[in-house]
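The data block below is upload39.txt; it holds compact mmCIF, N, CA and C atoms.
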```txt
# COMPACT_ATOMS: atom_id res chain seq x y z
N MET A 1242 144.28 -126.61 27.40
CA MET A 1242 144.04 -127.65 28.37
C MET A 1242 142.63 -128.21 28.17
N THR A 1243 142.52 -129.50 28.16
CA THR A 1243 141.21 -130.13 28.01
C THR A 1243 140.49 -130.15 29.35
N SER A 1244 139.19 -130.13 29.29
CA SER A 1244 138.37 -130.14 30.49
C SER A 1244 138.43 -131.51 31.16
N PRO A 1245 138.48 -131.55 32.49
CA PRO A 1245 138.45 -132.83 33.19
C PRO A 1245 137.04 -133.39 33.30
N PHE A 1246 136.04 -132.60 32.91
CA PHE A 1246 134.65 -133.02 33.02
C PHE A 1246 134.25 -133.86 31.82
N ARG A 1247 133.55 -134.95 32.13
CA ARG A 1247 133.06 -135.87 31.10
C ARG A 1247 131.53 -135.84 31.11
N GLU A 1248 130.94 -136.63 30.26
CA GLU A 1248 129.48 -136.67 30.14
C GLU A 1248 128.81 -136.99 31.48
N GLU A 1249 129.37 -137.91 32.23
CA GLU A 1249 128.75 -138.27 33.52
C GLU A 1249 128.82 -137.12 34.52
N HIS A 1250 129.86 -136.30 34.43
CA HIS A 1250 129.93 -135.10 35.27
C HIS A 1250 128.83 -134.12 34.88
N ASP A 1251 128.61 -133.96 33.58
CA ASP A 1251 127.58 -133.05 33.09
C ASP A 1251 126.19 -133.50 33.54
N HIS A 1252 125.94 -134.79 33.51
CA HIS A 1252 124.65 -135.32 33.97
C HIS A 1252 124.47 -135.05 35.46
N PHE A 1253 125.50 -135.30 36.24
CA PHE A 1253 125.46 -135.04 37.68
C PHE A 1253 125.26 -133.55 37.94
N ARG A 1254 125.98 -132.73 37.21
CA ARG A 1254 125.87 -131.27 37.34
C ARG A 1254 124.42 -130.82 37.13
N LYS A 1255 123.75 -131.37 36.11
CA LYS A 1255 122.35 -131.01 35.84
C LYS A 1255 121.44 -131.43 36.99
N THR A 1256 121.72 -132.58 37.58
CA THR A 1256 120.93 -133.05 38.73
C THR A 1256 121.08 -132.09 39.90
N VAL A 1257 122.32 -131.71 40.22
CA VAL A 1257 122.57 -130.81 41.34
C VAL A 1257 121.98 -129.43 41.05
N ARG A 1258 122.13 -128.95 39.82
CA ARG A 1258 121.58 -127.65 39.44
C ARG A 1258 120.06 -127.63 39.62
N SER A 1259 119.40 -128.66 39.14
CA SER A 1259 117.95 -128.74 39.27
C SER A 1259 117.53 -128.77 40.74
N PHE A 1260 118.22 -129.56 41.54
CA PHE A 1260 117.95 -129.64 42.97
C PHE A 1260 118.09 -128.26 43.61
N ALA A 1261 119.17 -127.58 43.31
CA ALA A 1261 119.44 -126.27 43.90
C ALA A 1261 118.39 -125.24 43.47
N GLU A 1262 118.07 -125.22 42.19
CA GLU A 1262 117.17 -124.19 41.68
C GLU A 1262 115.70 -124.46 42.00
N LYS A 1263 115.30 -125.74 41.96
CA LYS A 1263 113.88 -126.06 42.12
C LYS A 1263 113.47 -126.46 43.53
N GLU A 1264 114.39 -127.06 44.28
CA GLU A 1264 114.03 -127.58 45.59
C GLU A 1264 114.63 -126.80 46.76
N LEU A 1265 115.63 -125.98 46.48
CA LEU A 1265 116.27 -125.22 47.55
C LEU A 1265 116.03 -123.71 47.42
N ALA A 1266 116.32 -123.15 46.27
CA ALA A 1266 116.23 -121.69 46.07
C ALA A 1266 114.87 -121.10 46.44
N PRO A 1267 113.75 -121.77 46.10
CA PRO A 1267 112.46 -121.17 46.45
C PRO A 1267 112.25 -120.97 47.96
N TYR A 1268 113.01 -121.68 48.77
CA TYR A 1268 112.84 -121.62 50.22
C TYR A 1268 114.00 -120.91 50.92
N ALA A 1269 114.98 -120.48 50.17
CA ALA A 1269 116.21 -119.93 50.74
C ALA A 1269 115.96 -118.75 51.66
N ASP A 1270 115.15 -117.80 51.23
CA ASP A 1270 114.89 -116.63 52.08
C ASP A 1270 114.20 -117.02 53.38
N GLU A 1271 113.23 -117.90 53.27
CA GLU A 1271 112.51 -118.37 54.46
C GLU A 1271 113.46 -119.05 55.45
N TRP A 1272 114.32 -119.91 54.92
CA TRP A 1272 115.26 -120.62 55.79
C TRP A 1272 116.29 -119.67 56.39
N GLU A 1273 116.74 -118.70 55.61
CA GLU A 1273 117.70 -117.72 56.12
C GLU A 1273 117.09 -116.92 57.27
N LYS A 1274 115.84 -116.50 57.11
CA LYS A 1274 115.17 -115.74 58.16
C LYS A 1274 115.00 -116.58 59.42
N ALA A 1275 114.69 -117.85 59.25
CA ALA A 1275 114.51 -118.76 60.39
C ALA A 1275 115.84 -119.22 60.97
N GLU A 1276 116.93 -118.96 60.25
CA GLU A 1276 118.28 -119.38 60.63
C GLU A 1276 118.39 -120.90 60.82
N ILE A 1277 117.67 -121.62 59.97
CA ILE A 1277 117.71 -123.08 59.98
C ILE A 1277 117.10 -123.59 58.68
N PHE A 1278 117.45 -124.78 58.29
CA PHE A 1278 116.76 -125.40 57.17
C PHE A 1278 116.46 -126.84 57.55
N PRO A 1279 115.42 -127.43 56.96
CA PRO A 1279 114.95 -128.74 57.41
C PRO A 1279 115.93 -129.88 57.11
N ASN A 1280 115.95 -130.84 58.02
CA ASN A 1280 116.79 -132.02 57.83
C ASN A 1280 116.41 -132.79 56.56
N SER A 1281 115.19 -132.60 56.09
CA SER A 1281 114.75 -133.29 54.87
C SER A 1281 115.60 -132.89 53.66
N VAL A 1282 116.25 -131.74 53.73
CA VAL A 1282 117.14 -131.32 52.65
C VAL A 1282 118.30 -132.32 52.52
N PHE A 1283 118.83 -132.78 53.65
CA PHE A 1283 119.91 -133.77 53.62
C PHE A 1283 119.42 -135.09 53.04
N LYS A 1284 118.22 -135.50 53.45
CA LYS A 1284 117.66 -136.75 52.94
C LYS A 1284 117.50 -136.69 51.42
N ARG A 1285 116.96 -135.58 50.95
CA ARG A 1285 116.75 -135.43 49.50
C ARG A 1285 118.08 -135.40 48.74
N ALA A 1286 119.06 -134.71 49.27
CA ALA A 1286 120.39 -134.68 48.64
C ALA A 1286 120.98 -136.09 48.58
N GLY A 1287 120.79 -136.85 49.65
CA GLY A 1287 121.27 -138.24 49.66
C GLY A 1287 120.57 -139.09 48.62
N GLU A 1288 119.25 -138.92 48.50
CA GLU A 1288 118.48 -139.68 47.50
C GLU A 1288 118.97 -139.39 46.09
N LEU A 1289 119.37 -138.16 45.85
CA LEU A 1289 119.83 -137.76 44.52
C LEU A 1289 121.30 -138.13 44.26
N GLY A 1290 122.00 -138.61 45.29
CA GLY A 1290 123.40 -138.97 45.12
C GLY A 1290 124.35 -137.79 45.21
N VAL A 1291 123.87 -136.67 45.74
CA VAL A 1291 124.69 -135.47 45.82
C VAL A 1291 125.91 -135.67 46.73
N PHE A 1292 125.73 -136.36 47.84
CA PHE A 1292 126.83 -136.55 48.79
C PHE A 1292 127.83 -137.62 48.35
N GLY A 1293 127.36 -138.68 47.75
CA GLY A 1293 128.21 -139.84 47.53
C GLY A 1293 128.84 -140.00 46.18
N ALA A 1294 128.67 -139.05 45.29
CA ALA A 1294 129.14 -139.22 43.91
C ALA A 1294 130.62 -139.55 43.83
N HIS A 1295 131.44 -138.98 44.69
CA HIS A 1295 132.89 -139.18 44.62
C HIS A 1295 133.44 -140.12 45.69
N PHE A 1296 132.56 -140.89 46.33
CA PHE A 1296 133.00 -141.88 47.31
C PHE A 1296 132.96 -143.27 46.70
N PRO A 1297 133.80 -144.18 47.18
CA PRO A 1297 133.83 -145.54 46.63
C PRO A 1297 132.48 -146.25 46.76
N GLU A 1298 132.17 -147.08 45.79
CA GLU A 1298 130.92 -147.84 45.79
C GLU A 1298 130.79 -148.72 47.02
N GLU A 1299 131.88 -149.33 47.45
CA GLU A 1299 131.81 -150.23 48.60
C GLU A 1299 131.50 -149.50 49.91
N GLN A 1300 131.56 -148.17 49.88
CA GLN A 1300 131.21 -147.37 51.05
C GLN A 1300 129.83 -146.73 50.93
N GLY A 1301 129.15 -147.00 49.83
CA GLY A 1301 127.83 -146.44 49.61
C GLY A 1301 127.79 -145.30 48.62
N GLY A 1302 128.94 -144.99 48.02
CA GLY A 1302 129.00 -143.91 47.03
C GLY A 1302 128.82 -144.44 45.62
N ALA A 1303 129.06 -143.56 44.67
CA ALA A 1303 128.90 -143.93 43.26
C ALA A 1303 130.22 -144.25 42.57
N GLY A 1304 131.33 -144.07 43.27
CA GLY A 1304 132.63 -144.43 42.71
C GLY A 1304 133.22 -143.42 41.75
N GLY A 1305 132.70 -142.21 41.76
CA GLY A 1305 133.20 -141.18 40.86
C GLY A 1305 134.49 -140.55 41.35
N ASP A 1306 135.00 -139.63 40.56
CA ASP A 1306 136.26 -138.97 40.88
C ASP A 1306 136.03 -137.61 41.56
N TYR A 1307 137.13 -136.94 41.83
CA TYR A 1307 137.13 -135.64 42.51
C TYR A 1307 136.30 -134.60 41.78
N TRP A 1308 136.23 -134.68 40.47
CA TRP A 1308 135.55 -133.66 39.68
C TRP A 1308 134.05 -133.64 39.91
N PHE A 1309 133.50 -134.73 40.45
CA PHE A 1309 132.09 -134.70 40.84
C PHE A 1309 131.90 -133.74 42.01
N SER A 1310 132.85 -133.70 42.90
CA SER A 1310 132.80 -132.79 44.03
C SER A 1310 132.88 -131.34 43.56
N VAL A 1311 133.71 -131.09 42.58
CA VAL A 1311 133.84 -129.74 42.03
C VAL A 1311 132.53 -129.32 41.36
N ALA A 1312 131.96 -130.19 40.55
CA ALA A 1312 130.69 -129.89 39.88
C ALA A 1312 129.60 -129.59 40.91
N LYS A 1313 129.56 -130.37 41.98
CA LYS A 1313 128.58 -130.16 43.04
C LYS A 1313 128.74 -128.78 43.66
N ALA A 1314 129.95 -128.40 43.98
CA ALA A 1314 130.21 -127.11 44.61
C ALA A 1314 129.84 -125.96 43.67
N GLU A 1315 130.10 -126.13 42.39
CA GLU A 1315 129.77 -125.08 41.43
C GLU A 1315 128.26 -124.90 41.27
N GLU A 1316 127.51 -125.96 41.43
CA GLU A 1316 126.06 -125.88 41.19
C GLU A 1316 125.26 -125.57 42.45
N LEU A 1317 125.69 -126.01 43.61
CA LEU A 1317 124.91 -125.78 44.82
C LEU A 1317 124.72 -124.30 45.15
N VAL A 1318 125.63 -123.46 44.72
CA VAL A 1318 125.49 -122.03 45.00
C VAL A 1318 124.23 -121.44 44.35
N ARG A 1319 123.67 -122.14 43.40
CA ARG A 1319 122.44 -121.69 42.74
C ARG A 1319 121.24 -121.72 43.68
N CYS A 1320 121.41 -122.27 44.87
CA CYS A 1320 120.31 -122.30 45.83
C CYS A 1320 120.10 -120.95 46.50
N ASN A 1321 121.03 -120.01 46.29
CA ASN A 1321 120.92 -118.65 46.82
C ASN A 1321 120.97 -118.58 48.34
N SER A 1322 121.63 -119.52 48.96
CA SER A 1322 121.79 -119.50 50.41
C SER A 1322 123.17 -120.04 50.76
N ALA A 1323 124.00 -119.18 51.30
CA ALA A 1323 125.34 -119.62 51.69
C ALA A 1323 125.26 -120.69 52.77
N GLY A 1324 124.32 -120.53 53.69
CA GLY A 1324 124.19 -121.51 54.78
C GLY A 1324 123.79 -122.88 54.30
N VAL A 1325 122.83 -122.95 53.40
CA VAL A 1325 122.38 -124.24 52.89
C VAL A 1325 123.46 -124.90 52.05
N SER A 1326 124.04 -124.15 51.12
CA SER A 1326 125.08 -124.75 50.28
C SER A 1326 126.27 -125.18 51.13
N MET A 1327 126.65 -124.37 52.12
CA MET A 1327 127.77 -124.75 52.98
C MET A 1327 127.43 -125.99 53.81
N GLY A 1328 126.23 -126.04 54.34
CA GLY A 1328 125.83 -127.22 55.12
C GLY A 1328 125.91 -128.50 54.31
N LEU A 1329 125.46 -128.44 53.07
CA LEU A 1329 125.51 -129.62 52.21
C LEU A 1329 126.95 -129.95 51.80
N LEU A 1330 127.76 -128.94 51.58
CA LEU A 1330 129.16 -129.20 51.22
C LEU A 1330 129.95 -129.75 52.40
N VAL A 1331 129.66 -129.28 53.60
CA VAL A 1331 130.33 -129.84 54.78
C VAL A 1331 129.99 -131.33 54.90
N GLN A 1332 128.74 -131.67 54.67
CA GLN A 1332 128.31 -133.07 54.76
C GLN A 1332 129.12 -133.97 53.83
N GLY A 1333 129.26 -133.56 52.57
CA GLY A 1333 129.89 -134.43 51.58
C GLY A 1333 131.37 -134.22 51.37
N ASP A 1334 131.91 -133.08 51.82
CA ASP A 1334 133.28 -132.77 51.45
C ASP A 1334 134.20 -132.37 52.60
N MET A 1335 133.67 -132.24 53.79
CA MET A 1335 134.53 -131.90 54.94
C MET A 1335 134.41 -132.91 56.07
N ALA A 1336 133.18 -133.22 56.47
CA ALA A 1336 132.98 -134.06 57.64
C ALA A 1336 133.08 -135.55 57.35
N THR A 1337 132.83 -135.95 56.13
CA THR A 1337 132.80 -137.38 55.82
C THR A 1337 134.05 -137.96 55.15
N PRO A 1338 134.83 -137.18 54.40
CA PRO A 1338 135.99 -137.80 53.74
C PRO A 1338 136.98 -138.47 54.69
N VAL A 1339 137.16 -137.92 55.88
CA VAL A 1339 138.11 -138.54 56.81
C VAL A 1339 137.64 -139.94 57.22
N ILE A 1340 136.33 -140.13 57.33
CA ILE A 1340 135.82 -141.46 57.66
C ILE A 1340 136.11 -142.41 56.51
N SER A 1341 135.91 -141.94 55.30
CA SER A 1341 136.20 -142.74 54.12
C SER A 1341 137.67 -143.11 54.04
N ASP A 1342 138.52 -142.13 54.34
CA ASP A 1342 139.97 -142.32 54.18
C ASP A 1342 140.61 -143.19 55.25
N ILE A 1343 140.21 -143.00 56.51
CA ILE A 1343 140.91 -143.73 57.58
C ILE A 1343 139.98 -144.45 58.55
N GLY A 1344 138.68 -144.42 58.28
CA GLY A 1344 137.73 -145.09 59.16
C GLY A 1344 137.81 -146.60 59.04
N THR A 1345 137.45 -147.26 60.11
CA THR A 1345 137.37 -148.72 60.08
C THR A 1345 136.12 -149.13 59.29
N LYS A 1346 136.03 -150.38 58.95
CA LYS A 1346 134.84 -150.89 58.24
C LYS A 1346 133.59 -150.59 59.06
N GLU A 1347 133.69 -150.79 60.36
CA GLU A 1347 132.55 -150.55 61.25
C GLU A 1347 132.17 -149.07 61.28
N GLN A 1348 133.15 -148.18 61.32
CA GLN A 1348 132.87 -146.74 61.34
C GLN A 1348 132.25 -146.29 60.02
N ILE A 1349 132.74 -146.85 58.93
CA ILE A 1349 132.18 -146.52 57.62
C ILE A 1349 130.72 -146.94 57.56
N GLU A 1350 130.43 -148.14 58.03
CA GLU A 1350 129.05 -148.64 58.01
C GLU A 1350 128.15 -147.85 58.94
N GLU A 1351 128.66 -147.46 60.10
CA GLU A 1351 127.83 -146.77 61.09
C GLU A 1351 127.65 -145.28 60.79
N PHE A 1352 128.69 -144.63 60.27
CA PHE A 1352 128.65 -143.18 60.12
C PHE A 1352 128.64 -142.70 58.65
N LEU A 1353 129.54 -143.23 57.84
CA LEU A 1353 129.68 -142.70 56.49
C LEU A 1353 128.51 -143.07 55.58
N THR A 1354 128.21 -144.35 55.48
CA THR A 1354 127.17 -144.79 54.56
C THR A 1354 125.83 -144.10 54.84
N PRO A 1355 125.39 -144.02 56.10
CA PRO A 1355 124.13 -143.28 56.36
C PRO A 1355 124.23 -141.80 56.01
N ALA A 1356 125.39 -141.18 56.21
CA ALA A 1356 125.56 -139.77 55.87
C ALA A 1356 125.48 -139.55 54.36
N LEU A 1357 126.03 -140.47 53.58
CA LEU A 1357 125.97 -140.34 52.13
C LEU A 1357 124.54 -140.49 51.62
N LYS A 1358 123.73 -141.26 52.32
CA LYS A 1358 122.32 -141.44 51.96
C LYS A 1358 121.45 -140.30 52.46
N GLY A 1359 122.00 -139.46 53.34
CA GLY A 1359 121.22 -138.40 53.94
C GLY A 1359 120.41 -138.85 55.13
N ASP A 1360 120.67 -140.07 55.60
CA ASP A 1360 119.97 -140.61 56.77
C ASP A 1360 120.59 -140.13 58.08
N ALA A 1361 121.77 -139.57 58.01
CA ALA A 1361 122.46 -139.03 59.18
C ALA A 1361 123.13 -137.73 58.74
N ILE A 1362 123.28 -136.83 59.68
CA ILE A 1362 123.93 -135.56 59.38
C ILE A 1362 125.29 -135.57 60.06
N ALA A 1363 126.31 -135.39 59.26
CA ALA A 1363 127.69 -135.43 59.75
C ALA A 1363 128.07 -134.08 60.36
N SER A 1364 129.01 -134.14 61.26
CA SER A 1364 129.53 -132.90 61.85
C SER A 1364 131.01 -133.10 62.14
N LEU A 1365 131.67 -132.01 62.45
CA LEU A 1365 133.07 -132.11 62.80
C LEU A 1365 133.41 -130.96 63.74
N GLY A 1366 134.47 -131.15 64.46
CA GLY A 1366 134.99 -130.10 65.32
C GLY A 1366 136.37 -129.69 64.82
N VAL A 1367 136.61 -128.41 64.82
CA VAL A 1367 137.88 -127.90 64.29
C VAL A 1367 138.52 -127.02 65.37
N THR A 1368 139.78 -127.25 65.61
CA THR A 1368 140.50 -126.36 66.51
C THR A 1368 141.65 -125.74 65.74
N GLU A 1369 141.98 -124.53 66.11
CA GLU A 1369 143.06 -123.81 65.45
C GLU A 1369 143.91 -123.14 66.53
N PRO A 1370 145.17 -123.50 66.61
CA PRO A 1370 146.03 -122.85 67.60
C PRO A 1370 146.06 -121.34 67.37
N ASN A 1371 145.89 -120.58 68.44
CA ASN A 1371 145.97 -119.12 68.39
C ASN A 1371 144.90 -118.48 67.49
N ALA A 1372 143.82 -119.18 67.25
CA ALA A 1372 142.75 -118.63 66.41
C ALA A 1372 141.45 -119.29 66.79
N GLY A 1373 140.46 -119.07 66.03
CA GLY A 1373 139.17 -119.70 66.27
C GLY A 1373 138.27 -119.54 65.08
N SER A 1374 137.31 -120.42 65.01
CA SER A 1374 136.36 -120.31 63.91
C SER A 1374 134.95 -120.51 64.42
```
For this file, produce the structure as structure tokens.
Amino acid sequence: MTSPFREEHDHFRKTVRSFAEKELAPYADEWEKAEIFPNSVFKRAGELGVFGAHFPEEQGGAGGDYWFSVAKAEELVRCNSAGVSMGLLVQGDMATPVISDIGTKEQIEEFLTPALKGDAIASLGVTEPNAGS
């Protein structure tokens, strides 16, 4: 089976890896102890295109495919913090795709585009019948 990753995926992967290793990992222990990490992490991820790589250009993304999301998930773990990597993955891969998929133009402009830039932090609520998270 041939790899679905192309040169542009490899370039993106290197960007995310560098971000995780140089800008996140050195602070991971400190953030874990404080049980929080700075909102500036979201802004920096947005500046680097970490959130928007697989979203359409007309919504503020880079127009890439699903494999950009996979590359991001594989590299963010290098930050050595489950909380930080999960927070960033929720931003780009859980809380925002529904806005992209079924949001109105106005909702995309108000919520999605700023979240992809890291200017807003996305969130979501999840309910599970007979369970909880």
Using only C-alpha atoms: which of A:Gly1301, A:Pro1370, A:Gly1333, A:Gly1328 has the shortest distance to Glu1350 in chain A: A:Gly1301
Nearby residues (only C-alpha atoms) at most 9 Å from range 1262-1272 of chain A, same-chain spacing under 2 positions excluded, as a list in words: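 After dropping sequence-adjacent residues, the list is Val1257, Arg1258, Ser1259, Phe1260, Lys1274, Ala1275, Glu1276, Ile1277, Phe1278, Pro1279, Val1282, Leu1317, Arg1319, Cys1320, Asn1321, Ser1322 and Val1325 of chain A.
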Distance query Gly1302 in chain A at most 9 Å, only C-alpha atoms, self and fewer than 6 positions along chain excluded, as a list in words: Gly1290, Phe1292, Gly1293, Ala1294, His1295, Phe1296, Thr1354, Leu1357 and Lys1358 of chain A
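Picture a line from atom C of Glu1351 in chain A to CA of Gln1300 in chain A; it runs 10.6 Å.
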Selection: 10 Å around Pro1245 in chain A, only C-alpha atoms, excl. self and same-chain fewer than 5 positions, as a count of residues only: 3
Exercise: Arg1254 in chain A partners within 7 Å, only N, CA and C atoms, chain neighbours under 6 positions left out, as a ChimeraX atom specification: /A:1312-1313,1316
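Going from CA of Val1331 in chain A to atom N of Lys1255 in chain A covers 19.9 Å.
Separating CA of Phe1253 in chain A from CA of Thr1345 in chain A is a distance of 28.8 Å.
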Residue among A:Gln1348, A:Pro1338, A:Leu1329, A:Val1318 lying closest to Phe1283 in chain A, counting only N, CA and C atoms: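 Nearest candidate to Phe1283 in chain A out of A:Gln1348, A:Pro1338, A:Leu1329, A:Val1318: A:Leu1329.
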Minimum-distance residue to Ser1341 in chain A, chosen among A:Ile1362, A:Glu1299, A:Val1367, A:Ala1314 (using only C-alpha atoms):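 Between A:Ile1362, A:Glu1299, A:Val1367, A:Ala1314, the residue approaching Ser1341 in chain A most closely is A:Glu1299.
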